[in-house]
file input.cif (mmCIF, C-alpha atoms)
data_entry
loop_
_atom_site.label_atom_id
_atom_site.label_comp_id
_atom_site.auth_asym_id
_atom_site.auth_seq_id
_atom_site.Cartn_x
_atom_site.Cartn_y
_atom_site.Cartn_z
CA MET A 17 0.00 0.00 0.00
CA LEU A 18 2.76 2.46 0.92
CA SER A 19 4.68 1.81 -2.31
CA PHE A 20 1.48 2.33 -4.30
CA ILE A 21 0.83 5.68 -2.59
CA ILE A 22 4.43 6.78 -3.22
CA ARG A 23 4.19 5.85 -6.92
CA ARG A 24 0.93 7.72 -7.33
CA ALA A 25 2.33 10.73 -5.47
CA PHE A 26 5.23 10.97 -7.91
CA SER A 27 2.78 10.76 -10.81
CA ILE A 28 1.45 14.16 -9.73
CA ILE A 29 4.63 15.84 -11.03
CA PRO A 30 4.19 15.11 -14.78
CA THR A 31 0.47 15.85 -14.50
CA LEU A 32 1.08 19.30 -13.05
CA LEU A 33 3.86 19.89 -15.58
CA GLY A 34 1.43 19.16 -18.39
CA VAL A 35 -1.19 21.44 -16.83
CA SER A 36 1.31 24.29 -16.55
CA ILE A 37 2.31 23.93 -20.22
CA ILE A 38 -1.32 23.99 -21.35
CA ILE A 39 -2.04 27.08 -19.25
CA PHE A 40 0.98 28.90 -20.67
CA LEU A 41 -0.04 28.11 -24.23
CA MET A 42 -3.64 29.20 -23.61
CA LEU A 43 -2.51 32.47 -22.05
CA ALA A 44 -0.17 33.08 -24.99
CA ILE A 45 -3.01 32.93 -27.54
CA THR A 46 -5.53 34.82 -25.40
CA PRO A 47 -6.00 38.44 -26.56
CA GLY A 48 -5.29 41.28 -24.16
CA ASP A 49 -2.36 43.07 -22.59
CA PRO A 50 -1.91 43.00 -18.78
CA ALA A 51 0.23 46.17 -18.97
CA GLU A 52 -2.56 48.04 -20.73
CA LEU A 53 -5.11 46.78 -18.23
CA LEU A 54 -2.91 47.97 -15.38
CA LEU A 55 -2.06 51.41 -16.78
CA GLY A 56 -5.21 52.13 -18.74
CA GLU A 57 -5.88 52.87 -22.39
CA ARG A 58 -4.34 56.36 -22.20
CA ALA A 59 -0.91 55.11 -21.17
CA THR A 60 1.93 56.00 -23.53
CA GLU A 61 3.80 53.33 -25.47
CA GLU A 62 6.97 54.05 -23.48
CA THR A 63 5.13 53.49 -20.20
CA LEU A 64 3.54 50.32 -21.49
CA GLU A 65 6.90 49.02 -22.68
CA ALA A 66 8.46 49.74 -19.29
CA MET A 67 5.64 47.89 -17.53
CA ARG A 68 5.99 44.89 -19.84
CA GLU A 69 9.71 44.85 -19.12
CA HIS A 70 9.04 45.00 -15.38
CA LEU A 71 6.56 42.12 -15.58
CA GLY A 72 8.83 40.06 -17.82
CA LEU A 73 6.27 39.98 -20.63
CA ASN A 74 8.83 41.00 -23.25
CA GLU A 75 10.70 37.74 -22.86
CA PRO A 76 9.96 34.79 -25.18
CA LEU A 77 7.35 32.38 -23.95
CA TYR A 78 9.83 29.60 -23.22
CA VAL A 79 11.91 32.00 -21.12
CA GLN A 80 8.83 33.04 -19.14
CA TYR A 81 7.94 29.38 -18.64
CA GLY A 82 11.46 28.55 -17.51
CA MET A 83 11.34 31.37 -14.98
CA PHE A 84 8.02 30.04 -13.71
CA LEU A 85 9.39 26.50 -13.30
CA LYS A 86 12.44 27.84 -11.49
CA ARG A 87 10.18 29.57 -8.98
CA LEU A 88 7.88 26.57 -8.74
CA ILE A 89 10.74 24.31 -7.63
CA LYS A 90 11.13 26.63 -4.67
CA PHE A 91 7.33 26.54 -4.07
CA ASP A 92 7.15 30.17 -5.14
CA LEU A 93 4.17 30.92 -7.38
CA GLY A 94 5.21 34.53 -7.87
CA GLU A 95 3.28 37.73 -7.19
CA THR A 96 -0.05 38.86 -8.54
CA ILE A 97 0.21 41.58 -11.17
CA TRP A 98 -2.50 43.78 -9.67
CA THR A 99 -2.02 43.59 -5.90
CA ARG A 100 1.67 42.56 -5.85
CA GLN A 101 0.81 40.03 -3.16
CA LYS A 102 2.35 36.56 -3.03
CA VAL A 103 0.16 34.15 -5.00
CA TRP A 104 0.73 31.40 -2.43
CA ASP A 105 -0.40 33.72 0.39
CA GLU A 106 -3.55 34.59 -1.55
CA ILE A 107 -4.29 30.90 -2.15
CA LYS A 108 -3.79 30.00 1.52
CA GLN A 109 -6.18 32.77 2.47
CA ARG A 110 -8.90 31.93 -0.08
CA TYR A 111 -8.72 28.17 -0.60
CA PRO A 112 -10.29 27.27 2.78
CA ALA A 113 -13.46 29.03 1.59
CA THR A 114 -13.54 26.92 -1.58
CA ILE A 115 -12.84 23.68 0.31
CA GLU A 116 -15.50 24.52 2.89
CA LEU A 117 -18.08 25.18 0.16
CA SER A 118 -17.09 22.03 -1.75
CA ILE A 119 -17.26 19.79 1.34
CA ALA A 120 -20.71 21.14 2.22
CA ALA A 121 -21.94 20.63 -1.35
CA MET A 122 -20.44 17.14 -1.55
CA PHE A 123 -22.02 16.18 1.79
CA LEU A 124 -25.44 17.15 0.44
CA SER A 125 -24.72 15.32 -2.83
CA CYS A 126 -23.59 12.09 -1.16
CA PHE A 127 -26.25 12.05 1.55
CA PHE A 128 -29.27 12.63 -0.66
CA GLY A 129 -27.80 11.05 -3.80
CA ILE A 130 -27.00 7.70 -2.17
CA ILE A 131 -30.33 7.58 -0.32
CA LEU A 132 -32.28 8.34 -3.52
CA GLY A 133 -30.24 5.78 -5.45
CA ILE A 134 -30.80 3.01 -2.87
CA ILE A 135 -34.54 3.61 -2.59
CA SER A 136 -34.91 3.82 -6.38
CA ALA A 137 -33.04 0.53 -6.83
CA THR A 138 -35.06 -1.33 -4.18
CA LYS A 139 -38.32 0.10 -5.57
CA GLN A 140 -37.52 -0.20 -9.26
CA TYR A 141 -40.23 1.03 -11.66
CA SER A 142 -42.23 2.56 -8.80
CA TRP A 143 -43.47 6.15 -8.83
CA PHE A 144 -40.60 7.09 -6.49
CA ASP A 145 -38.09 5.57 -8.93
CA TYR A 146 -39.51 7.51 -11.86
CA MET A 147 -39.77 10.80 -9.95
CA SER A 148 -36.24 10.59 -8.52
CA MET A 149 -34.69 9.80 -11.91
CA ILE A 150 -36.63 12.66 -13.55
CA ALA A 151 -35.42 14.98 -10.78
CA SER A 152 -31.85 13.72 -11.34
CA LEU A 153 -32.11 14.45 -15.05
CA ILE A 154 -33.35 17.96 -14.30
CA GLY A 155 -30.55 18.45 -11.77
CA VAL A 156 -27.91 17.53 -14.33
CA SER A 157 -29.44 19.81 -16.96
CA ILE A 158 -29.84 23.02 -14.94
CA PRO A 159 -26.87 25.42 -15.24
CA VAL A 160 -25.36 26.18 -11.85
CA PHE A 161 -25.18 29.95 -12.39
CA TRP A 162 -28.87 30.09 -13.41
CA LEU A 163 -29.93 28.02 -10.41
CA GLY A 164 -27.86 30.23 -8.13
CA LEU A 165 -29.57 33.37 -9.43
CA VAL A 166 -33.02 31.78 -9.02
CA LEU A 167 -32.21 30.70 -5.46
CA MET A 168 -31.04 34.21 -4.61
CA LEU A 169 -34.14 35.74 -6.18
CA VAL A 170 -36.61 33.46 -4.39
CA PHE A 171 -35.05 32.69 -1.01
CA SER A 172 -33.01 35.85 -0.45
CA LEU A 173 -34.82 38.68 -2.22
CA TYR A 174 -38.47 37.61 -2.06
CA LEU A 175 -38.64 35.46 1.08
CA GLY A 176 -35.62 36.84 2.94
CA TRP A 177 -34.74 33.47 4.43
CA PHE A 178 -31.08 33.37 3.44
CA PRO A 179 -28.37 35.99 2.85
CA MET A 180 -27.53 36.77 -0.76
CA SER A 181 -23.73 36.71 -0.65
CA GLY A 182 -20.59 36.41 1.44
CA ARG A 183 -19.40 33.90 4.05
CA MET A 184 -20.49 35.75 7.19
CA GLY A 185 -22.76 38.62 8.12
CA ILE A 186 -21.56 42.10 9.01
CA GLY A 187 -21.11 42.58 12.73
CA ILE A 188 -20.52 38.89 13.50
CA ASP A 189 -17.48 38.49 15.71
CA LEU A 190 -15.47 35.33 14.97
CA GLU A 191 -11.90 34.54 15.93
CA ILE A 192 -10.18 33.25 12.78
CA ILE A 193 -7.87 30.30 13.50
CA THR A 194 -7.88 28.03 10.44
CA ASN A 195 -9.80 30.25 7.97
CA PHE A 196 -12.44 27.50 7.83
CA TYR A 197 -15.25 29.51 9.33
CA VAL A 198 -17.39 26.53 10.36
CA LEU A 199 -14.45 24.85 12.09
CA ASP A 200 -13.33 28.13 13.69
CA ALA A 201 -16.81 28.73 15.09
CA ILE A 202 -16.87 25.21 16.57
CA LEU A 203 -13.36 25.49 18.03
CA THR A 204 -14.16 28.82 19.67
CA ARG A 205 -17.66 27.64 20.66
CA ASN A 206 -19.13 30.69 19.00
CA TRP A 207 -22.60 29.30 18.31
CA PRO A 208 -24.17 32.55 16.96
CA ALA A 209 -21.31 32.80 14.45
CA LEU A 210 -21.71 29.10 13.54
CA LYS A 211 -25.39 29.62 12.82
CA ASP A 212 -24.66 32.67 10.68
CA VAL A 213 -21.86 30.91 8.76
CA LEU A 214 -24.06 27.88 8.04
CA TRP A 215 -26.87 30.21 6.94
CA HIS A 216 -24.53 31.88 4.43
CA LEU A 217 -23.27 28.47 3.28
CA THR A 218 -26.67 26.91 2.56
CA LEU A 219 -27.65 28.45 -0.79
CA PRO A 220 -24.26 28.25 -2.56
CA ALA A 221 -23.70 24.70 -1.28
CA PHE A 222 -27.13 23.61 -2.54
CA ALA A 223 -26.56 25.24 -5.93
CA LEU A 224 -23.16 23.57 -6.28
CA SER A 225 -24.47 20.17 -5.15
CA THR A 226 -27.25 19.69 -7.72
CA ILE A 227 -25.21 18.20 -10.58
CA PRO A 228 -23.07 15.85 -8.40
CA LEU A 229 -26.20 14.83 -6.47
CA ALA A 230 -27.97 13.80 -9.67
CA ILE A 231 -24.95 11.89 -10.98
CA ILE A 232 -24.40 10.08 -7.67
CA ALA A 233 -28.09 9.14 -7.43
CA ARG A 234 -28.15 7.66 -10.93
CA MET A 235 -24.85 5.82 -10.43
CA THR A 236 -25.97 4.42 -7.05
CA ARG A 237 -29.22 3.17 -8.55
CA SER A 238 -27.46 1.52 -11.47
CA SER A 239 -24.80 -0.10 -9.28
CA MET A 240 -27.30 -1.31 -6.69
CA LEU A 241 -29.56 -2.83 -9.35
CA GLU A 242 -26.62 -4.83 -10.68
CA VAL A 243 -25.59 -6.04 -7.23
CA LEU A 244 -29.14 -6.94 -6.18
CA ARG A 245 -29.32 -9.38 -9.10
CA GLN A 246 -26.27 -11.35 -7.90
CA ASP A 247 -26.59 -14.92 -6.62
CA TYR A 248 -25.33 -14.17 -3.11
CA ILE A 249 -28.16 -11.66 -2.66
CA LYS A 250 -30.67 -14.34 -3.68
CA THR A 251 -29.01 -16.70 -1.21
CA ALA A 252 -29.31 -14.09 1.56
CA LYS A 253 -33.01 -13.72 0.78
CA ALA A 254 -33.44 -17.49 0.82
CA LYS A 255 -31.89 -17.61 4.31
CA GLY A 256 -34.61 -15.27 5.51
CA LEU A 257 -32.53 -12.14 6.07
CA GLY A 258 -34.47 -8.90 6.21
CA GLN A 259 -34.54 -6.53 3.25
CA THR A 260 -32.85 -3.73 5.18
CA LYS A 261 -29.96 -5.95 6.30
CA ILE A 262 -29.50 -7.35 2.80
CA VAL A 263 -29.39 -3.92 1.22
CA LEU A 264 -27.21 -2.14 3.77
CA LYS A 265 -24.83 -4.93 4.78
CA HIS A 266 -24.43 -7.04 1.65
CA ALA A 267 -25.49 -5.02 -1.40
CA LEU A 268 -24.44 -1.48 -0.53
CA ARG A 269 -20.81 -2.22 0.28
CA ASN A 270 -20.26 -4.01 -3.02
CA GLY A 271 -22.23 -1.42 -4.92
CA LEU A 272 -20.22 1.49 -3.55
CA ILE A 273 -17.10 0.92 -5.68
CA PRO A 274 -18.29 2.74 -8.83
CA VAL A 275 -20.10 5.28 -6.66
CA ILE A 276 -16.86 6.16 -4.86
CA THR A 277 -15.20 6.70 -8.23
CA VAL A 278 -17.91 9.16 -9.19
CA ILE A 279 -17.75 10.89 -5.80
CA GLY A 280 -13.98 11.33 -6.06
CA LEU A 281 -14.18 12.69 -9.60
CA GLN A 282 -17.06 15.00 -8.76
CA PHE A 283 -15.31 16.36 -5.67
CA GLY A 284 -12.16 17.05 -7.67
CA ILE A 285 -14.20 18.73 -10.40
CA MET A 286 -16.15 20.66 -7.78
CA LEU A 287 -12.98 22.26 -6.41
CA GLY A 288 -12.37 23.77 -9.84
CA ALA A 289 -15.95 24.17 -11.03
CA ALA A 290 -16.93 26.31 -8.05
CA ILE A 291 -15.95 29.38 -10.10
CA LEU A 292 -19.51 30.08 -11.28
CA THR A 293 -21.07 29.46 -7.87
CA GLU A 294 -18.51 31.61 -6.07
CA THR A 295 -18.94 34.40 -8.62
CA VAL A 296 -22.75 34.41 -8.38
CA PHE A 297 -22.79 34.37 -4.56
CA ALA A 298 -19.69 36.59 -4.17
CA TRP A 299 -18.07 33.74 -2.24
CA PRO A 300 -14.44 34.77 -1.50
CA GLY A 301 -12.82 31.53 -2.65
CA VAL A 302 -10.18 30.52 -5.16
CA GLY A 303 -12.76 30.11 -7.92
CA LYS A 304 -13.85 33.75 -7.84
CA TRP A 305 -10.20 34.77 -7.43
CA ILE A 306 -9.21 32.87 -10.60
CA PHE A 307 -12.19 34.38 -12.44
CA ASP A 308 -11.07 37.88 -11.45
CA GLY A 309 -7.55 36.95 -12.56
CA VAL A 310 -8.85 35.92 -15.99
CA VAL A 311 -10.75 39.20 -16.34
CA LYS A 312 -7.66 41.21 -15.37
CA ARG A 313 -5.26 38.99 -17.35
CA ASP A 314 -3.26 38.30 -14.19
CA TYR A 315 -1.00 35.49 -15.39
CA MET A 316 0.31 34.58 -11.96
CA VAL A 317 -3.16 34.19 -10.49
CA ILE A 318 -4.33 31.96 -13.35
CA GLN A 319 -1.20 29.80 -13.31
CA GLY A 320 -0.96 29.41 -9.55
CA GLY A 321 -4.67 28.87 -8.96
CA THR A 322 -5.03 26.34 -11.76
CA LEU A 323 -2.01 24.34 -10.59
CA VAL A 324 -3.32 24.14 -7.04
CA VAL A 325 -6.76 23.01 -8.25
CA ALA A 326 -5.12 20.38 -10.51
CA ALA A 327 -2.98 19.14 -7.62
CA CYS A 328 -6.05 18.76 -5.40
CA PHE A 329 -7.85 16.87 -8.18
CA VAL A 330 -4.98 14.37 -8.48
CA ILE A 331 -4.74 13.96 -4.69
CA VAL A 332 -8.48 13.28 -4.42
CA ASN A 333 -8.17 10.57 -7.08
CA LEU A 334 -5.28 9.02 -5.14
CA ILE A 335 -7.46 8.90 -2.02
CA VAL A 336 -10.26 7.28 -4.02
CA ASP A 337 -7.91 4.54 -5.26
CA VAL A 338 -6.81 3.79 -1.71
CA LEU A 339 -10.44 3.67 -0.53
CA TYR A 340 -11.15 0.91 -3.03
CA ALA A 341 -8.99 -1.52 -1.05
CA VAL A 342 -10.44 -0.31 2.27
CA ILE A 343 -14.07 -0.85 1.24
CA ASN A 344 -13.57 -4.04 -0.73
CA PRO A 345 -10.61 -6.17 0.49
CA ARG A 346 -10.79 -8.28 -2.68
CA ILE A 347 -9.34 -5.35 -4.63
CA SER A 348 -5.53 -5.18 -4.56
CA VAL A 349 -3.66 -1.93 -5.02
CA LYS A 350 -1.17 -3.85 -7.11
#

call {"tool": "encode", "arguments": {"input": "input.cif", "output": "structure tokens"}}
result
Amino acid sequence: MLSFIIRRAFSIIPTLLGVSIIIFLMLAITPGDPAELLLGERATEETLEAMREHLGLNEPLYVQYGMFLKRLIKFDLGETIWTRQKVWDEIKQRYPATIELSIAAMFLSCFFGIILGIISATKQYSWFDYMSMIASLIGVSIPVFWLGLVLMLVFSLYLGWFPMSGRMGIGIDLEIITNFYVLDAILTRNWPALKDVLWHLTLPAFALSTIPLAIIARMTRSSMLEVLRQDYIKTAKAKGLGQTKIVLKHALRNGLIPVITVIGLQFGIMLGAAILTETVFAWPGVGKWIFDGVVKRDYMVIQGGTLVVAACFVIVNLIVDVLYAVINPRISVK
């Protein structure tokens, strides 16, 4: 197991190298001039040239890429063009918000998706099965940004049940320890702050969870239907075991393997796909930060943020592979 984890950990390096090359090439062909965005359209050509020289934009692309790799070896992602802050410091400050949102959304997706999938499989062709699969199809089809706007319009503007944006209300006093607001509120036993943080987290987490929830529900149903047709399930029924015990103890564990794959992939995608949700709800995470970097043509923000998201995606997939052997001992990591 340890050797497998080490091998997979080293495989992250070529993956991130490939991601960095793709990002550099995409930025090279994208129209726009960061120097002009910084100085404005009325800046003189001499001033623009001086700014490009200062930012290293006059160098050939391979030279810029080499400089980036040299910094990356030292775990230095450079400085943002606009704020001149360290990219790594910005990521450490903002990424907890993205992880917190993604974990909340994935919890909703797994909890409701697996339950819907199990019930649909055990009650195949019932009205509940049809309704849940129709709801899953709708969940996959609805754009996240549109759903977010509708949720804000209905539950924030019209009903006033939830806040429209942000991670925490104005005037809420919370001691920041880890930058995970939910965890900080629990550690400091600040229950009013915890309630406010969870209230701000509800709408964006629900909006982000809809597509993974639908995919997990459909995959759970499909996997459970296949397992429930196996001979050992028929044998368990013949022995007189109850339906609940058969489903939860015998069928679910074997049916979870493909579901875990989907959960791992969706969580990795969610860490990067939270851009739209964070932008709509003004959630101060890495997704919105990368979006702002794209608008401002901030190369360092785009490169650093994308690499961190890619690294998290690969790490999540590594964890999923290890979980295979934990859930089903018949699977060997070799």

call {"tool": "resolve_selection", "arguments": {"input": "input.cif", "expression": "the PyMOL selection byres ((chain A and resi 231-248) around 6)", "output": "MDAnalysis selection string"}}
result
chainID A and resid 129:130 132:134 137 228:230 249:251 267 271 275

call {"tool": "residues_around", "arguments": {"input": "input.cif", "residues": "Thr194 of chain A", "least_positions_apart": "3", "cutoff": "12 Å", "atoms": "only C-alpha atoms", "output": "list in words"}}
result
Lys108, Gln109, Arg110, Tyr111, Pro112, Ala113, Glu116, Leu190, Glu191, Tyr197, Val198, Leu199, Asp200, Ala201, Ile202, Leu203 and Thr204 of chain A

call {"tool": "closest_residue", "arguments": {"input": "input.cif", "among": "A:Met147, A:Val156, A:Ala254, A:Leu219", "to": "Ala120 of chain A", "atoms": "only C-alpha atoms"}}
result
A:Leu219

call {"tool": "atom_distance", "arguments": {"input": "input.cif", "atom1": "atom CA of Asp308 of chain A", "atom2": "atom CA of Thr60 of chain A"}}
result
25.4 Å

call {"tool": "resolve_selection", "arguments": {"input": "input.cif", "expression": "the PyMOL selection byres ((chain A and resi 323-326) around 10)", "output": "mmCIF file with C-alpha atoms, keeping the file's coordinate frame"}}
result
data_model
loop_
_atom_site.group_PDB
_atom_site.id
_atom_site.type_symbol
_atom_site.label_atom_id
_atom_site.label_comp_id
_atom_site.auth_asym_id
_atom_site.auth_seq_id
_atom_site.Cartn_x
_atom_site.Cartn_y
_atom_site.Cartn_z
ATOM 1 C CA ILE A 28 1.450 14.160 -9.730
ATOM 2 C CA THR A 31 0.470 15.850 -14.500
ATOM 3 C CA LEU A 32 1.080 19.300 -13.050
ATOM 4 C CA LEU A 33 3.860 19.890 -15.580
ATOM 5 C CA GLY A 34 1.430 19.160 -18.390
ATOM 6 C CA VAL A 35 -1.190 21.440 -16.830
ATOM 7 C CA SER A 36 1.310 24.290 -16.550
ATOM 8 C CA ILE A 39 -2.040 27.080 -19.250
ATOM 9 C CA LEU A 93 4.170 30.920 -7.380
ATOM 10 C CA TRP A 104 0.730 31.400 -2.430
ATOM 11 C CA ILE A 107 -4.290 30.900 -2.150
ATOM 12 C CA TYR A 111 -8.720 28.170 -0.600
ATOM 13 C CA GLY A 284 -12.160 17.050 -7.670
ATOM 14 C CA ILE A 285 -14.200 18.730 -10.400
ATOM 15 C CA MET A 286 -16.150 20.660 -7.780
ATOM 16 C CA LEU A 287 -12.980 22.260 -6.410
ATOM 17 C CA GLY A 288 -12.370 23.770 -9.840
ATOM 18 C CA ALA A 289 -15.950 24.170 -11.030
ATOM 19 C CA VAL A 302 -10.180 30.520 -5.160
ATOM 20 C CA GLY A 303 -12.760 30.110 -7.920
ATOM 21 C CA VAL A 317 -3.160 34.190 -10.490
ATOM 22 C CA ILE A 318 -4.330 31.960 -13.350
ATOM 23 C CA GLN A 319 -1.200 29.800 -13.310
ATOM 24 C CA GLY A 320 -0.960 29.410 -9.550
ATOM 25 C CA GLY A 321 -4.670 28.870 -8.960
ATOM 26 C CA THR A 322 -5.030 26.340 -11.760
ATOM 27 C CA ALA A 327 -2.980 19.140 -7.620
ATOM 28 C CA CYS A 328 -6.050 18.760 -5.400
ATOM 29 C CA PHE A 329 -7.850 16.870 -8.180
ATOM 30 C CA VAL A 330 -4.980 14.370 -8.480
ATOM 31 C CA ILE A 331 -4.740 13.960 -4.690
ATOM 32 C CA VAL A 332 -8.480 13.280 -4.420
#

call {"tool": "atom_distance", "arguments": {"input": "input.cif", "atom1": "atom CA of Ile276 of chain A", "atom2": "atom CA of Val336 of chain A"}}
result
6.7 Å

call {"tool": "residues_near_point", "arguments": {"input": "input.cif", "point": "(-18.8, 34.2, 8.7)", "cutoff": "9 Å", "atoms": "all atoms listed in the file", "output": "list of chain:residue names"}}
result
A:Gly182, A:Arg183, A:Met184, A:Gly185, A:Ile186, A:Ile188, A:Asp189, A:Leu190, A:Tyr197, A:Val198, A:Ala201, A:Ala209, A:Leu210, A:Asp212, A:Val213, A:Leu214, A:His216

call {"tool": "write_last_selection", "arguments": {"input": "input.cif", "atoms": "C-alpha atoms", "output": "PDB file, keeping the file's coordinate frame"}}
result
ATOM      1  CA  GLY A 182     -20.590  36.410   1.440  1.00  0.00           C
ATOM      2  CA  ARG A 183     -19.400  33.900   4.050  1.00  0.00           C
ATOM      3  CA  MET A 184     -20.490  35.750   7.190  1.00  0.00           C
ATOM      4  CA  GLY A 185     -22.760  38.620   8.120  1.00  0.00           C
ATOM      5  CA  ILE A 186     -21.560  42.100   9.010  1.00  0.00           C
ATOM      6  CA  ILE A 188     -20.520  38.890  13.500  1.00  0.00           C
ATOM      7  CA  ASP A 189     -17.480  38.490  15.710  1.00  0.00           C
ATOM      8  CA  LEU A 190     -15.470  35.330  14.970  1.00  0.00           C
ATOM      9  CA  TYR A 197     -15.250  29.510   9.330  1.00  0.00           C
ATOM     10  CA  VAL A 198     -17.390  26.530  10.360  1.00  0.00           C
ATOM     11  CA  ALA A 201     -16.810  28.730  15.090  1.00  0.00           C
ATOM     12  CA  ALA A 209     -21.310  32.800  14.450  1.00  0.00           C
ATOM     13  CA  LEU A 210     -21.710  29.100  13.540  1.00  0.00           C
ATOM     14  CA  ASP A 212     -24.660  32.670  10.680  1.00  0.00           C
ATOM     15  CA  VAL A 213     -21.860  30.910   8.760  1.00  0.00           C
ATOM     16  CA  LEU A 214     -24.060  27.880   8.040  1.00  0.00           C
ATOM     17  CA  HIS A 216     -24.530  31.880   4.430  1.00  0.00           C
TER      18      HIS A 216
END

call {"tool": "resolve_selection", "arguments": {"input": "input.cif", "expression": "the PyMOL selection byres ((chain A and resi 259) around 12)", "output": "MDAnalysis selection string"}}
result
chainID A and resid 134:135 138:139 244 249:250 252:258 260:268

call {"tool": "atom_distance", "arguments": {"input": "input.cif", "atom1": "atom CA of Tyr146 of chain A", "atom2": "atom CA of Cys126 of chain A"}}
result
19.7 Å

call {"tool": "closest_residue", "arguments": {"input": "input.cif", "among": "A:Gly301, A:Pro30, A:Pro47, A:Pro76", "to": "Ile115 of chain A", "atoms": "all atoms listed in the file"}}
result
A:Gly301

call {"tool": "closest_residue", "arguments": {"input": "input.cif", "among": "A:Leu334, A:Ile306, A:Val160, A:Val311", "to": "Ser225 of chain A", "atoms": "only C-alpha atoms"}}
result
A:Val160

call {"tool": "closest_residue", "arguments": {"input": "input.cif", "among": "A:Pro50, A:Thr226, A:Thr295, A:Arg23", "to": "Ile154 of chain A", "atoms": "all atoms listed in the file"}}
result
A:Thr226

call {"tool": "decode", "arguments": {"input": "input.cif", "residues": "segment 191-202 of chain A", "atoms": "N, CA and C atoms", "output": "PDB file, in the first residue's frame"}}
result
ATOM      1  N   GLU A 191     -13.357  34.646  15.886  1.00  0.00           N
ATOM      2  CA  GLU A 191     -11.904  34.536  15.933  1.00  0.00           C
ATOM      3  C   GLU A 191     -11.436  33.562  14.850  1.00  0.00           C
ATOM      4  N   ILE A 192     -10.631  34.056  13.897  1.00  0.00           N
ATOM      5  CA  ILE A 192     -10.176  33.245  12.776  1.00  0.00           C
ATOM      6  C   ILE A 192      -8.917  32.483  13.191  1.00  0.00           C
ATOM      7  N   ILE A 193      -8.995  31.164  13.138  1.00  0.00           N
ATOM      8  CA  ILE A 193      -7.872  30.302  13.499  1.00  0.00           C
ATOM      9  C   ILE A 193      -7.359  29.548  12.280  1.00  0.00           C
ATOM     10  N   THR A 194      -8.260  28.850  11.592  1.00  0.00           N
ATOM     11  CA  THR A 194      -7.878  28.025  10.438  1.00  0.00           C
ATOM     12  C   THR A 194      -8.351  28.608   9.119  1.00  0.00           C
ATOM     13  N   ASN A 195      -9.160  29.652   9.153  1.00  0.00           N
ATOM     14  CA  ASN A 195      -9.796  30.249   7.975  1.00  0.00           C
ATOM     15  C   ASN A 195     -10.930  29.377   7.427  1.00  0.00           C
ATOM     16  N   PHE A 196     -11.209  28.252   8.081  1.00  0.00           N
ATOM     17  CA  PHE A 196     -12.437  27.504   7.828  1.00  0.00           C
ATOM     18  C   PHE A 196     -13.455  28.010   8.846  1.00  0.00           C
ATOM     19  N   TYR A 197     -14.389  28.806   8.400  1.00  0.00           N
ATOM     20  CA  TYR A 197     -15.255  29.512   9.334  1.00  0.00           C
ATOM     21  C   TYR A 197     -16.091  28.558  10.186  1.00  0.00           C
ATOM     22  N   VAL A 198     -16.594  27.483   9.589  1.00  0.00           N
ATOM     23  CA  VAL A 198     -17.394  26.529  10.360  1.00  0.00           C
ATOM     24  C   VAL A 198     -16.545  25.900  11.455  1.00  0.00           C
ATOM     25  N   LEU A 199     -15.355  25.465  11.106  1.00  0.00           N
ATOM     26  CA  LEU A 199     -14.450  24.853  12.085  1.00  0.00           C
ATOM     27  C   LEU A 199     -14.025  25.861  13.143  1.00  0.00           C
ATOM     28  N   ASP A 200     -13.734  27.090  12.731  1.00  0.00           N
ATOM     29  CA  ASP A 200     -13.334  28.126  13.691  1.00  0.00           C
ATOM     30  C   ASP A 200     -14.448  28.420  14.683  1.00  0.00           C
ATOM     31  N   ALA A 201     -15.688  28.462  14.194  1.00  0.00           N
ATOM     32  CA  ALA A 201     -16.812  28.726  15.088  1.00  0.00           C
ATOM     33  C   ALA A 201     -16.989  27.593  16.096  1.00  0.00           C
ATOM     34  N   ILE A 202     -16.746  26.355  15.661  1.00  0.00           N
ATOM     35  CA  ILE A 202     -16.869  25.211  16.574  1.00  0.00           C
ATOM     36  C   ILE A 202     -15.734  25.218  17.587  1.00  0.00           C
TER      37      ILE A 202
END
